[in-house]
Structure formats: structure tokens, C-alpha cells
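One file, structure38.cif, is given below (mmCIF, C-alpha atoms).
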data_coords
loop_
_atom_site.group_PDB
_atom_site.id
_atom_site.type_symbol
_atom_site.label_atom_id
_atom_site.label_comp_id
_atom_site.auth_asym_id
_atom_site.auth_seq_id
_atom_site.Cartn_x
_atom_site.Cartn_y
_atom_site.Cartn_z
ATOM 1 C CA MET M 1 40.490 19.085 12.676
ATOM 2 C CA ASP M 2 43.042 16.726 11.148
ATOM 3 C CA ILE M 3 41.682 15.799 7.693
ATOM 4 C CA SER M 4 44.778 13.897 6.575
ATOM 5 C CA LYS M 5 42.893 10.654 7.239
ATOM 6 C CA PHE M 6 39.730 9.502 5.515
ATOM 7 C CA GLU M 7 37.950 8.799 8.788
ATOM 8 C CA SER M 8 38.642 12.389 9.918
ATOM 9 C CA LEU M 9 36.417 13.927 7.248
ATOM 10 C CA PRO M 10 33.538 16.103 8.536
ATOM 11 C CA THR M 11 30.297 14.327 9.351
ATOM 12 C CA GLU M 12 28.418 16.247 6.623
ATOM 13 C CA LEU M 13 30.844 14.994 3.978
ATOM 14 C CA TRP M 14 30.633 11.458 5.301
ATOM 15 C CA LEU M 15 26.842 11.504 5.087
ATOM 16 C CA HIS M 16 27.076 12.797 1.527
ATOM 17 C CA ILE M 17 29.413 9.954 0.582
ATOM 18 C CA LEU M 18 27.203 7.365 2.239
ATOM 19 C CA SER M 19 24.174 8.610 0.288
ATOM 20 C CA TYR M 20 25.742 7.279 -2.932
ATOM 21 C CA LEU M 21 26.024 3.727 -1.611
ATOM 22 C CA SER M 22 23.333 1.097 -1.486
ATOM 23 C CA SER M 23 22.716 -0.301 1.968
ATOM 24 C CA PHE M 24 24.219 -3.593 0.810
ATOM 25 C CA ASP M 25 27.485 -1.938 -0.345
ATOM 26 C CA LEU M 26 27.491 0.275 2.726
ATOM 27 C CA PHE M 27 27.248 -2.681 5.025
ATOM 28 C CA LYS M 28 29.960 -4.669 3.234
ATOM 29 C CA ALA M 29 32.347 -1.719 3.249
ATOM 30 C CA PHE M 30 31.929 -0.437 6.790
ATOM 31 C CA PHE M 31 30.364 -3.104 8.986
ATOM 32 C CA ARG M 32 32.204 -3.346 12.299
ATOM 33 C CA ILE M 33 34.560 -0.534 11.389
ATOM 34 C CA ASN M 34 36.811 0.326 14.307
ATOM 35 C CA ASN M 35 35.637 3.929 14.580
ATOM 36 C CA LYS M 36 32.820 4.876 16.929
ATOM 37 C CA ARG M 37 31.808 8.073 15.088
ATOM 38 C CA ILE M 38 31.582 6.386 11.686
ATOM 39 C CA GLN M 39 29.787 3.389 13.162
ATOM 40 C CA GLN M 40 27.178 5.714 14.648
ATOM 41 C CA MET M 41 26.642 7.289 11.219
ATOM 42 C CA ILE M 42 26.262 3.844 9.649
ATOM 43 C CA ASP M 43 23.779 2.797 12.324
ATOM 44 C CA SER M 44 21.729 5.952 11.711
ATOM 45 C CA GLN M 45 21.155 5.037 8.072
ATOM 46 C CA SER M 46 17.790 3.620 7.021
ATOM 47 C CA PHE M 47 18.790 0.304 5.489
ATOM 48 C CA LEU M 48 16.827 -0.498 2.315
ATOM 49 C CA LEU M 49 16.981 -3.718 0.314
ATOM 50 C CA ASN M 50 15.750 -3.322 -3.262
ATOM 51 C CA THR M 51 15.820 -6.871 -4.573
ATOM 52 C CA LYS M 52 15.348 -5.617 -8.129
ATOM 53 C CA LEU M 53 18.838 -4.100 -8.001
ATOM 54 C CA ILE M 54 20.519 -7.126 -6.404
ATOM 55 C CA SER M 55 21.982 -9.922 -8.508
ATOM 56 C CA TYR M 56 21.262 -13.545 -7.691
ATOM 57 C CA SER M 57 24.852 -14.114 -6.538
ATOM 58 C CA GLU M 58 24.713 -11.053 -4.282
ATOM 59 C CA MET M 59 21.457 -12.326 -2.828
ATOM 60 C CA ASN M 60 23.154 -15.560 -1.846
ATOM 61 C CA GLN M 61 25.743 -13.466 0.004
ATOM 62 C CA ILE M 62 22.985 -11.642 1.843
ATOM 63 C CA PHE M 63 21.528 -14.913 3.140
ATOM 64 C CA VAL M 64 24.656 -15.473 5.228
ATOM 65 C CA MET M 65 24.947 -11.820 6.296
ATOM 66 C CA HIS M 66 22.580 -12.105 9.238
ATOM 67 C CA SER M 67 23.765 -8.839 10.762
ATOM 68 C CA TYR M 68 22.776 -7.010 7.561
ATOM 69 C CA LEU M 69 19.283 -8.526 7.571
ATOM 70 C CA LEU M 70 18.859 -7.431 11.170
ATOM 71 C CA GLN M 71 19.378 -3.793 10.099
ATOM 72 C CA LEU M 72 16.833 -3.685 7.265
ATOM 73 C CA ARG M 73 14.064 -1.082 7.574
ATOM 74 C CA THR M 74 12.614 -1.249 4.041
ATOM 75 C CA ILE M 75 12.289 -4.186 1.655
ATOM 76 C CA ILE M 76 11.294 -3.855 -2.003
ATOM 77 C CA LEU M 77 10.252 -7.019 -3.838
ATOM 78 C CA SER M 78 9.824 -7.429 -7.591
ATOM 79 C CA ASN M 79 9.425 -10.443 -9.871
ATOM 80 C CA SER M 80 13.156 -10.972 -10.389
ATOM 81 C CA CYS M 81 14.962 -14.227 -9.604
ATOM 82 C CA SER M 82 16.821 -12.642 -6.682
ATOM 83 C CA SER M 83 13.550 -11.262 -5.325
ATOM 84 C CA SER M 84 11.892 -14.676 -5.482
ATOM 85 C CA ALA M 85 14.890 -16.213 -3.731
ATOM 86 C CA PHE M 86 14.683 -13.646 -0.939
ATOM 87 C CA TYR M 87 10.927 -14.089 -0.566
ATOM 88 C CA ASN M 88 11.316 -17.861 -0.257
ATOM 89 C CA TYR M 89 14.132 -17.463 2.270
ATOM 90 C CA TRP M 90 12.163 -14.880 4.248
ATOM 91 C CA THR M 91 8.945 -16.877 4.473
ATOM 92 C CA LYS M 92 10.654 -20.174 5.281
ATOM 93 C CA ASN M 93 12.308 -18.669 8.359
ATOM 94 C CA LEU M 94 9.308 -18.381 10.647
ATOM 95 C CA PRO M 95 8.488 -15.991 11.979
ATOM 96 C CA PRO M 96 9.872 -13.587 9.317
ATOM 97 C CA MET M 97 10.485 -10.997 12.026
ATOM 98 C CA SER M 98 13.190 -13.239 13.444
ATOM 99 C CA VAL M 99 15.136 -12.535 10.221
ATOM 100 C CA THR M 100 14.238 -8.845 9.816
ATOM 101 C CA PRO M 101 13.122 -7.522 13.231
ATOM 102 C CA LYS M 102 13.488 -3.834 12.283
ATOM 103 C CA VAL M 103 11.604 -3.834 8.986
ATOM 104 C CA LYS M 104 9.016 -1.030 8.849
ATOM 105 C CA GLN M 105 8.166 -0.802 5.167
ATOM 106 C CA LEU M 106 7.315 -3.444 2.564
ATOM 107 C CA ILE M 107 6.876 -2.534 -1.117
ATOM 108 C CA LEU M 108 5.875 -5.022 -3.821
ATOM 109 C CA LEU M 109 6.473 -3.731 -7.360
ATOM 110 C CA ASN M 110 4.614 -6.632 -9.003
ATOM 111 C CA ALA M 111 2.164 -7.642 -6.326
ATOM 112 C CA SER M 112 0.256 -10.090 -8.542
ATOM 113 C CA TYR M 113 3.390 -12.244 -8.660
ATOM 114 C CA TYR M 114 3.106 -12.912 -4.905
ATOM 115 C CA ILE M 115 -0.657 -13.023 -4.481
ATOM 116 C CA TYR M 116 -0.925 -16.646 -3.406
ATOM 117 C CA GLY M 117 0.411 -17.184 0.080
ATOM 118 C CA LEU M 118 1.431 -13.571 0.662
ATOM 119 C CA VAL M 119 -1.131 -12.952 3.398
ATOM 120 C CA ASP M 120 -0.671 -16.225 5.299
ATOM 121 C CA SER M 121 3.083 -16.630 4.812
ATOM 122 C CA LEU M 122 4.231 -13.062 5.293
ATOM 123 C CA LEU M 123 1.674 -10.392 6.175
ATOM 124 C CA ILE M 124 0.007 -12.173 9.076
ATOM 125 C CA PRO M 125 3.372 -12.916 10.768
ATOM 126 C CA LEU M 126 4.542 -9.338 10.095
ATOM 127 C CA SER M 127 1.382 -7.954 11.686
ATOM 128 C CA VAL M 128 2.264 -9.553 15.026
ATOM 129 C CA GLY M 129 3.782 -6.954 17.320
ATOM 130 C CA ASN M 130 2.878 -4.068 14.970
ATOM 131 C CA SER M 131 6.413 -3.839 13.606
ATOM 132 C CA LEU M 132 5.492 -3.347 9.943
ATOM 133 C CA GLU M 133 3.960 0.100 9.469
ATOM 134 C CA TYR M 134 3.900 0.693 5.717
ATOM 135 C CA LEU M 135 2.542 -1.680 3.056
ATOM 136 C CA HIS M 136 2.648 -0.577 -0.599
ATOM 137 C CA LEU M 137 1.476 -3.008 -3.277
ATOM 138 C CA ILE M 138 1.523 -2.131 -6.981
ATOM 139 C CA PHE M 139 -0.836 -3.917 -9.380
ATOM 140 C CA GLN M 140 -0.972 -3.500 -13.128
ATOM 141 C CA CYS M 141 -4.775 -3.153 -13.185
ATOM 142 C CA PRO M 142 -7.770 -3.792 -10.895
ATOM 143 C CA ASP M 143 -8.385 -7.315 -12.172
ATOM 144 C CA ARG M 144 -9.387 -10.499 -10.354
ATOM 145 C CA THR M 145 -5.957 -10.793 -8.750
ATOM 146 C CA TYR M 146 -6.253 -7.358 -7.186
ATOM 147 C CA MET M 147 -9.772 -8.032 -5.923
ATOM 148 C CA MET M 148 -8.705 -11.433 -4.607
ATOM 149 C CA PHE M 149 -5.844 -9.953 -2.583
ATOM 150 C CA ILE M 150 -8.048 -7.291 -0.965
ATOM 151 C CA THR M 151 -10.526 -10.035 -0.086
ATOM 152 C CA PHE M 152 -7.778 -12.140 1.516
ATOM 153 C CA LEU M 153 -6.627 -9.160 3.573
ATOM 154 C CA ILE M 154 -10.149 -8.364 4.761
ATOM 155 C CA GLN M 155 -10.817 -11.972 5.713
ATOM 156 C CA ALA M 156 -7.567 -12.127 7.694
ATOM 157 C CA GLN M 157 -8.504 -8.869 9.478
ATOM 158 C CA ILE M 158 -4.953 -7.602 9.508
ATOM 159 C CA SER M 159 -3.947 -4.038 8.754
ATOM 160 C CA PHE M 160 -1.032 -1.619 8.957
ATOM 161 C CA HIS M 161 -0.696 2.096 9.649
ATOM 162 C CA THR M 162 -0.314 2.937 5.943
ATOM 163 C CA MET M 163 -1.693 0.698 3.210
ATOM 164 C CA ILE M 164 -1.344 1.730 -0.426
ATOM 165 C CA PHE M 165 -2.840 -0.499 -3.111
ATOM 166 C CA GLU M 166 -1.679 1.225 -6.273
ATOM 167 C CA ILE M 167 -3.019 0.595 -9.783
ATOM 168 C CA GLU M 168 -0.584 1.387 -12.595
ATOM 169 C CA LYS M 169 -3.152 1.600 -15.394
ATOM 170 C CA ASP M 170 -6.511 3.353 -15.393
ATOM 171 C CA TRP M 171 -9.210 0.977 -16.502
ATOM 172 C CA TYR M 172 -12.262 3.187 -16.647
ATOM 173 C CA CYS M 173 -14.732 1.519 -18.979
ATOM 174 C CA ASP M 174 -18.297 0.305 -19.201
ATOM 175 C CA ARG M 175 -17.475 -3.305 -19.933
ATOM 176 C CA GLU M 176 -19.953 -6.150 -19.910
ATOM 177 C CA VAL M 177 -17.768 -8.396 -17.783
ATOM 178 C CA VAL M 178 -17.228 -6.998 -14.303
ATOM 179 C CA TYR M 179 -14.431 -8.505 -12.265
ATOM 180 C CA SER M 180 -15.333 -9.789 -8.823
ATOM 181 C CA SER M 181 -16.402 -6.802 -6.770
ATOM 182 C CA LEU M 182 -15.285 -6.326 -3.212
ATOM 183 C CA SER M 183 -18.217 -8.099 -1.597
ATOM 184 C CA GLU M 184 -16.057 -8.739 1.479
ATOM 185 C CA LEU M 185 -15.931 -5.017 2.178
ATOM 186 C CA LYS M 186 -19.062 -5.423 4.276
ATOM 187 C CA ASN M 187 -16.888 -7.435 6.704
ATOM 188 C CA LEU M 188 -14.125 -4.842 6.740
ATOM 189 C CA HIS M 189 -12.272 -4.248 10.018
ATOM 190 C CA TRP M 190 -8.817 -2.710 9.683
ATOM 191 C CA SER M 191 -8.129 -1.468 13.190
ATOM 192 C CA SER M 192 -4.555 -0.232 12.624
ATOM 193 C CA THR M 193 -4.932 1.729 9.395
ATOM 194 C CA VAL M 194 -4.531 5.510 9.433
ATOM 195 C CA GLN M 195 -3.805 6.077 5.732
ATOM 196 C CA LEU M 196 -5.429 4.072 2.915
ATOM 197 C CA THR M 197 -5.204 4.142 -0.887
ATOM 198 C CA LEU M 198 -7.712 1.827 -2.560
ATOM 199 C CA THR M 199 -9.493 1.222 -5.866
ATOM 200 C CA ILE M 200 -13.089 0.071 -5.637
ATOM 201 C CA GLN M 201 -15.621 -0.985 -8.271
ATOM 202 C CA PHE M 202 -18.711 1.091 -7.447
ATOM 203 C CA PRO M 203 -19.429 4.238 -5.389
ATOM 204 C CA PHE M 204 -21.634 2.430 -2.839
ATOM 205 C CA GLU M 205 -18.630 0.332 -1.775
ATOM 206 C CA MET M 206 -17.179 3.523 -0.325
ATOM 207 C CA ILE M 207 -19.819 3.295 2.416
ATOM 208 C CA PHE M 208 -18.300 0.016 3.636
ATOM 209 C CA ILE M 209 -14.907 1.740 3.943
ATOM 210 C CA LEU M 210 -16.342 4.738 5.773
ATOM 211 C CA GLU M 211 -18.682 2.686 7.931
ATOM 212 C CA THR M 212 -18.487 3.253 11.673
ATOM 213 C CA ASN M 213 -15.735 1.073 13.241
ATOM 214 C CA ALA M 214 -14.650 -0.435 9.884
ATOM 215 C CA ILE M 215 -11.412 1.608 9.899
ATOM 216 C CA PRO M 216 -11.785 3.457 13.218
ATOM 217 C CA PHE M 217 -8.516 5.456 13.048
ATOM 218 C CA LEU M 218 -8.653 6.418 9.362
ATOM 219 C CA GLU M 219 -7.337 9.947 8.765
ATOM 220 C CA HIS M 220 -6.185 9.972 5.132
ATOM 221 C CA LEU M 221 -8.203 8.279 2.376
ATOM 222 C CA TYR M 222 -7.449 8.081 -1.354
ATOM 223 C CA ILE M 223 -10.215 6.391 -3.362
ATOM 224 C CA THR M 224 -10.530 5.559 -7.069
ATOM 225 C CA VAL M 225 -13.882 4.345 -8.407
ATOM 226 C CA GLU M 226 -13.588 2.114 -11.463
ATOM 227 C CA GLN M 227 -17.241 2.102 -12.525
ATOM 228 C CA GLU M 228 -19.752 4.785 -11.750
ATOM 229 C CA GLN M 229 -22.963 2.822 -12.217
ATOM 230 C CA LEU M 230 -24.017 -0.722 -11.393
ATOM 231 C CA ARG M 231 -26.750 -0.604 -14.056
ATOM 232 C CA ILE M 232 -27.312 -3.850 -15.975
ATOM 233 C CA LYS M 233 -24.252 -5.622 -14.709
ATOM 234 C CA PRO M 234 -24.505 -8.337 -12.059
ATOM 235 C CA TYR M 235 -22.913 -7.833 -8.661
ATOM 236 C CA LEU M 236 -21.254 -11.210 -8.206
ATOM 237 C CA ASP M 237 -24.303 -12.786 -9.955
ATOM 238 C CA ALA M 238 -26.207 -12.139 -6.731
ATOM 239 C CA PRO M 239 -29.128 -9.897 -5.774
ATOM 240 C CA PRO M 240 -28.256 -6.177 -5.865
ATOM 241 C CA PRO M 241 -26.736 -4.821 -2.629
ATOM 242 C CA GLN M 242 -29.153 -3.469 -0.054
ATOM 243 C CA ILE M 243 -27.284 -0.212 0.496
ATOM 244 C CA GLN M 244 -27.063 2.683 -1.934
ATOM 245 C CA PHE M 245 -24.794 5.658 -2.379
ATOM 246 C CA CYS M 246 -27.412 8.049 -1.070
ATOM 247 C CA GLU M 247 -27.647 10.672 1.656
ATOM 248 C CA SER M 248 -29.669 8.541 4.069
ATOM 249 C CA ASP M 249 -27.329 5.521 3.990
ATOM 250 C CA ILE M 250 -24.244 7.728 4.214
ATOM 251 C CA ARG M 251 -25.614 9.614 7.243
ATOM 252 C CA GLN M 252 -26.752 6.455 9.039
ATOM 253 C CA MET M 253 -23.768 4.185 8.380
ATOM 254 C CA THR M 254 -20.597 6.261 8.084
ATOM 255 C CA ASP M 255 -18.230 8.071 10.421
ATOM 256 C CA GLY M 256 -15.721 10.635 9.180
ATOM 257 C CA THR M 257 -14.952 12.395 12.426
ATOM 258 C CA ARG M 258 -11.213 11.591 12.221
ATOM 259 C CA LEU M 259 -10.793 12.129 8.467
ATOM 260 C CA GLN M 260 -8.314 14.872 7.568
ATOM 261 C CA THR M 261 -7.527 14.115 3.914
ATOM 262 C CA LEU M 262 -9.915 12.855 1.238
ATOM 263 C CA VAL M 263 -8.957 12.306 -2.406
ATOM 264 C CA LEU M 264 -11.679 11.102 -4.786
ATOM 265 C CA ARG M 265 -10.870 9.928 -8.289
ATOM 266 C CA HIS M 266 -13.275 9.163 -11.164
ATOM 267 C CA LEU M 267 -16.600 9.947 -9.573
ATOM 268 C CA ALA M 268 -19.728 11.561 -11.017
ATOM 269 C CA LEU M 269 -20.294 15.137 -9.906
ATOM 270 C CA TYR M 270 -23.715 14.403 -8.434
ATOM 271 C CA ASN M 271 -22.189 11.668 -6.244
ATOM 272 C CA VAL M 272 -19.512 14.080 -5.054
ATOM 273 C CA ILE M 273 -22.278 16.493 -4.050
ATOM 274 C CA ILE M 274 -24.185 13.718 -2.247
ATOM 275 C CA LEU M 275 -21.084 12.770 -0.278
ATOM 276 C CA ILE M 276 -20.194 16.321 0.716
ATOM 277 C CA ARG M 277 -23.766 17.085 1.798
ATOM 278 C CA SER M 278 -24.238 13.948 3.905
ATOM 279 C CA PHE M 279 -20.799 12.891 5.189
ATOM 280 C CA ASN M 280 -19.694 14.525 8.429
ATOM 281 C CA MET M 281 -15.974 15.442 8.241
ATOM 282 C CA PRO M 282 -15.311 18.082 10.942
ATOM 283 C CA LEU M 283 -11.500 17.711 10.820
ATOM 284 C CA LEU M 284 -11.133 17.647 7.027
ATOM 285 C CA ASN M 285 -8.458 20.077 5.844
ATOM 286 C CA LYS M 286 -7.764 18.708 2.357
ATOM 287 C CA LEU M 287 -10.274 17.609 -0.283
ATOM 288 C CA THR M 288 -8.915 16.736 -3.729
ATOM 289 C CA LEU M 289 -11.110 15.796 -6.704
ATOM 290 C CA VAL M 290 -9.547 14.099 -9.744
ATOM 291 C CA ASP M 291 -11.262 13.077 -13.015
ATOM 292 C CA ILE M 292 -14.674 14.206 -11.793
ATOM 293 C CA PHE M 293 -17.285 14.204 -14.559
ATOM 294 C CA ASP M 294 -20.866 15.329 -15.061
ATOM 295 C CA GLU M 295 -22.810 12.254 -16.155
ATOM 296 C CA SER M 296 -25.738 14.336 -17.419
ATOM 297 C CA TYR M 297 -23.506 15.629 -20.213
ATOM 298 C CA THR M 298 -22.406 12.080 -20.961
ATOM 299 C CA ARG M 299 -26.003 10.920 -21.371
ATOM 300 C CA PHE M 300 -26.763 13.970 -23.555
ATOM 301 C CA ASP M 301 -23.750 13.296 -25.783
ATOM 302 C CA ASN M 302 -24.866 9.688 -26.224
ATOM 303 C CA GLY M 303 -28.307 10.823 -27.294
ATOM 304 C CA SER M 304 -30.088 9.240 -24.309
#
Spit out the file's structure as C-alpha cells when you get a sec.
Amino acid sequence: MDISKFESLPTELWLHILSYLSSFDLFKAFFRINNKRIQQMIDSQSFLLNTKLISYSEMNQIFVMHSYLLQLRTIILSNSCSSSAFYNYWTKNLPPMSVTPKVKQLILLNASYYIYGLVDSLLIPLSVGNSLEYLHLIFQCPDRTYMMFITFLIQAQISFHTMIFEIEKDWYCDREVVYSSLSELKNLHWSSTVQLTLTIQFPFEMIFILETNAIPFLEHLYITVEQEQLRIKPYLDAPPPQIQFCESDIRQMTDGTRLQTLVLRHLALYNVIILIRSFNMPLLNKLTLVDIFDESYTRFDNGS
């Protein structure tokens, strides 16, 4: 092979070089290059736009690079000025898929920044045609904003293959003020979701997630429980819920026949035992328990 020319380098070396370039720089440098082999390598790349790493001036260049937008597979939004500019541009061009028809993954690093209008302006249009497959939203803590977004998503009845609602900070505490619980979970119907990561307030809310036909194709579930007991705290200042985290309700209401992975975080040991004894999971091949505690020791230590 003649390696006297740059374009004659081996494919492996080319791919190594390309791995050091952002998709934006890659596109600017090699778009429409007059070399079929190199063009095929460029086309095989998974184009990612991380708006946090793009300056405002570069973002303005992107707006006129329609061919680049057409190649994007992954978009990462933050709370930067360039990210806000892209979000506004994206949502004003309806439907958004006309701008980014190949996008498969959407990641929001500061999801609370986009909470208002995100579902109606972006997620509902992206759900049409099942193009978007991966939704990853990162919240600082499970506050009202987090609960509000989950409620919006449930009410819209839209879902994606993988949905990860990540909480950066653990907020385990027995506080007097309880943020709005996920009362809308009883109306849950996410028909496209196969993998779900979610933080809930109380163990009994897990029954809504596992309820028959709520998430019919769920195979991988990662659950964090913020508060173990309802106790004296009001549940949305309304009468206590009619269901309980008990063996009878779990057996009657839930369906785990497709579940393969289950990760439980911050749950009392006796509730873990209740779930394992009463929840039918014939295909389960991975059960992970994190921050599991024995509440009987907690009550003893507190002198109660």
C-alpha cells in the first residue's frame, strides 16, 4: 500500500485519528471529502453534539450546517448559553425530527433548567415515529421539579426504550416536609420502555411501576426509594393510598414475567423480603441490593 499520501493511511489508523476529533470538528474537516473510503469511515461515526463543549459562536455556525444536524445521533444539553440557543432553535423548527432525523439519544445534564415545555415542545414530537430510543435526564435532587417532570411525562403517556432519571445527590432523610409524591403513578402507561431508572418517594409506589400493563415490556429496572415509611407525613394532603407494600397487593397487582434485572436502592430489609417472596420474576438473572438497612436496629438505636 502506498502510504506517501495522508488518505492512503490504513483504516485502523484513520479510525484512531478520528477518535480524537469532536463530531463538529470532524464534520468541518472532512465533509464531502473526495475520497469514497474516507467518506464511508466518516459516515460510520456516531455523531454526538455536546453543547456544553461548544462555544456560542460555534453554535451559530452549526445552525447553518444543516448537513451536520442531519447526521447527529446523540445530543447532550446543559445550562450553557450555547445549549439554550440550540434548544430554542431545535424546538422552534417543528417537528424537531425534521432538523435531526437520526437522533437516537438525548441527555440533559441539568434537566431542571428545561423542565417547563420540555415534554410538549420536544419529547412528544420526538416520540412520533419511535426515533428517539434513549432519554437520560440528570437532576440535582428529587425535589418538586423532578416530581413535576415525571408527572408531566406520565400524563403525556409517552415513553422511550431506555429512560434514566438520575439523581446526583442522595437525599435520604425523615423530613417533615415531603415533596409532592408521584400520585400520577397510578395512571402510568409507558408502552415503549424496556429499561427504567427512577427515584420514588415510598415503597408502595413501586407497585404502580410493576403493575400489570403499566410498563408491559419492562426488562431492566433500577429503583431508589427516598423515604421508607409514610408514617405521620401527609401524602399530598389527601387520604392515605388504598394500596400497601404487602404480599397480597404485590401478588394481585404486579407482573414481573419479563423482568431480567432488578436493582433496589435504600429499602428496608423486611420490604426486600416481602418483594422477593411475593413478586413473580421467572426470567430474573440479576438482583442487586444497595443501601439496604434493617429498620428494627434503627428503632432499637433510637430507643423506641
Nearest to M:Gln260, chosen from M:Leu49, M:Leu284, M:Val103, M:Ile273, with all atoms listed in the file counted in the distances: M:Leu284
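With distances taken over all atoms listed in the file, M:Val225 is the one residue among M:Leu15, M:Met97, M:Ile207, M:Val225 lying closest to M:Ala268.
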With 7 Å as the threshold, what does the neighbourhood of (-22.3, 3.2, 5.1) contain in terms of residues, counting all atoms listed in the file? Coordinates are those of the file; answer as a VMD selection string. chain M and resid 207 to 208 210 to 211 249 to 250 252 to 254
With distances taken over all atoms listed in the file, which residue among M:Leu269, M:Glu168, M:His189, M:Ile150 lies nearest M:Pro203? M:Leu269
Output of the PyMOL selection byres ((chain M and resi 267) around 12), listed as number ranges by chain: M: 172, 199-204, 206, 223-229, 245, 263-266, 268-275, 288-295
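Residue nearest M:Arg37, chosen from M:Trp14, M:Tyr56, M:Tyr134, M:Phe149 and counting only C-alpha atoms: M:Trp14.
Interatomic distance, atom CA of M:His136 against atom CA of M:His66: 25.0 Å.
Nearest to M:Val119 of all the residues M:Leu13, M:Ala214, M:Met148, M:Leu262 is M:Met148, based on only C-alpha atoms.
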How many Å separate atom CA of M:Leu153 from atom CA of M:Leu188? 9.2 Å
Suppose a student applies the PyMOL selection byres ((chain M and resi 215) around 6) to this structure; what residues should they get, written as a PyMOL selection string? chain M and resi 189-191+213-214+216-218
Any idea what's packed within 8 Å of M:Ile164, counting all atoms listed in the file, ignoring anything in its chain fewer than 4 positions away? Could you give it as a list in words? Leu135, His136, Leu137, Gln195, Leu196, Thr197 and Leu198 of chain M
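Atom pair atom CA of M:Ile17 / atom CA of M:Leu132: separated by 28.9 Å.
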Excluding stretch 59-63 of chain M and residues on its chain fewer than 2 positions from it, collect all residues at most 8 Å away from it, counting only C-alpha atoms, and give them as a ChimeraX atom specification. /M:54-57,65-66,68-69,82,85-86,89
Starting from the incomplete input, reconstruct N, CA and C atoms of stretch 147-162 of chain M and write that as a CSV table (one decimal), in the frame of the given file.
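File selection_20.csv, as written:
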chain,number,residue,atom,x,y,z
M,147,MET,N,-8.6,-7.8,-6.8
M,147,MET,CA,-9.8,-8.0,-5.9
M,147,MET,C,-9.6,-9.2,-5.0
M,148,MET,N,-8.9,-10.3,-5.4
M,148,MET,CA,-8.7,-11.4,-4.6
M,148,MET,C,-7.8,-11.1,-3.4
M,149,PHE,N,-6.8,-10.3,-3.7
M,149,PHE,CA,-5.8,-10.0,-2.6
M,149,PHE,C,-6.5,-9.1,-1.5
M,150,ILE,N,-7.3,-8.1,-1.9
M,150,ILE,CA,-8.0,-7.3,-1.0
M,150,ILE,C,-9.0,-8.2,-0.1
M,151,THR,N,-9.6,-9.1,-0.8
M,151,THR,CA,-10.5,-10.0,-0.1
M,151,THR,C,-9.8,-10.8,1.0
M,152,PHE,N,-8.6,-11.4,0.6
M,152,PHE,CA,-7.8,-12.1,1.5
M,152,PHE,C,-7.4,-11.3,2.7
M,153,LEU,N,-7.1,-10.0,2.5
M,153,LEU,CA,-6.6,-9.2,3.6
M,153,LEU,C,-7.8,-8.8,4.5
M,154,ILE,N,-9.0,-8.6,3.9
M,154,ILE,CA,-10.1,-8.4,4.8
M,154,ILE,C,-10.5,-9.6,5.6
M,155,GLN,N,-10.5,-10.8,5.0
M,155,GLN,CA,-10.8,-12.0,5.7
M,155,GLN,C,-9.8,-12.2,6.9
M,156,ALA,N,-8.6,-11.9,6.7
M,156,ALA,CA,-7.6,-12.1,7.7
M,156,ALA,C,-7.7,-11.1,8.8
M,157,GLN,N,-8.3,-10.0,8.5
M,157,GLN,CA,-8.5,-8.9,9.5
M,157,GLN,C,-7.2,-8.4,10.0
M,158,ILE,N,-6.2,-8.2,9.1
M,158,ILE,CA,-5.0,-7.6,9.5
M,158,ILE,C,-4.8,-6.3,8.8
M,159,SER,N,-4.1,-5.3,9.4
M,159,SER,CA,-3.9,-4.0,8.8
M,159,SER,C,-2.7,-3.4,9.3
M,160,PHE,N,-2.2,-2.3,8.6
M,160,PHE,CA,-1.0,-1.6,9.0
M,160,PHE,C,-1.3,-0.1,8.9
M,161,HIS,N,-0.5,0.7,9.5
M,161,HIS,CA,-0.7,2.1,9.6
M,161,HIS,C,-1.0,2.7,8.3
M,162,THR,N,-0.1,2.4,7.3
M,162,THR,CA,-0.3,2.9,5.9
M,162,THR,C,-0.4,1.8,5.0
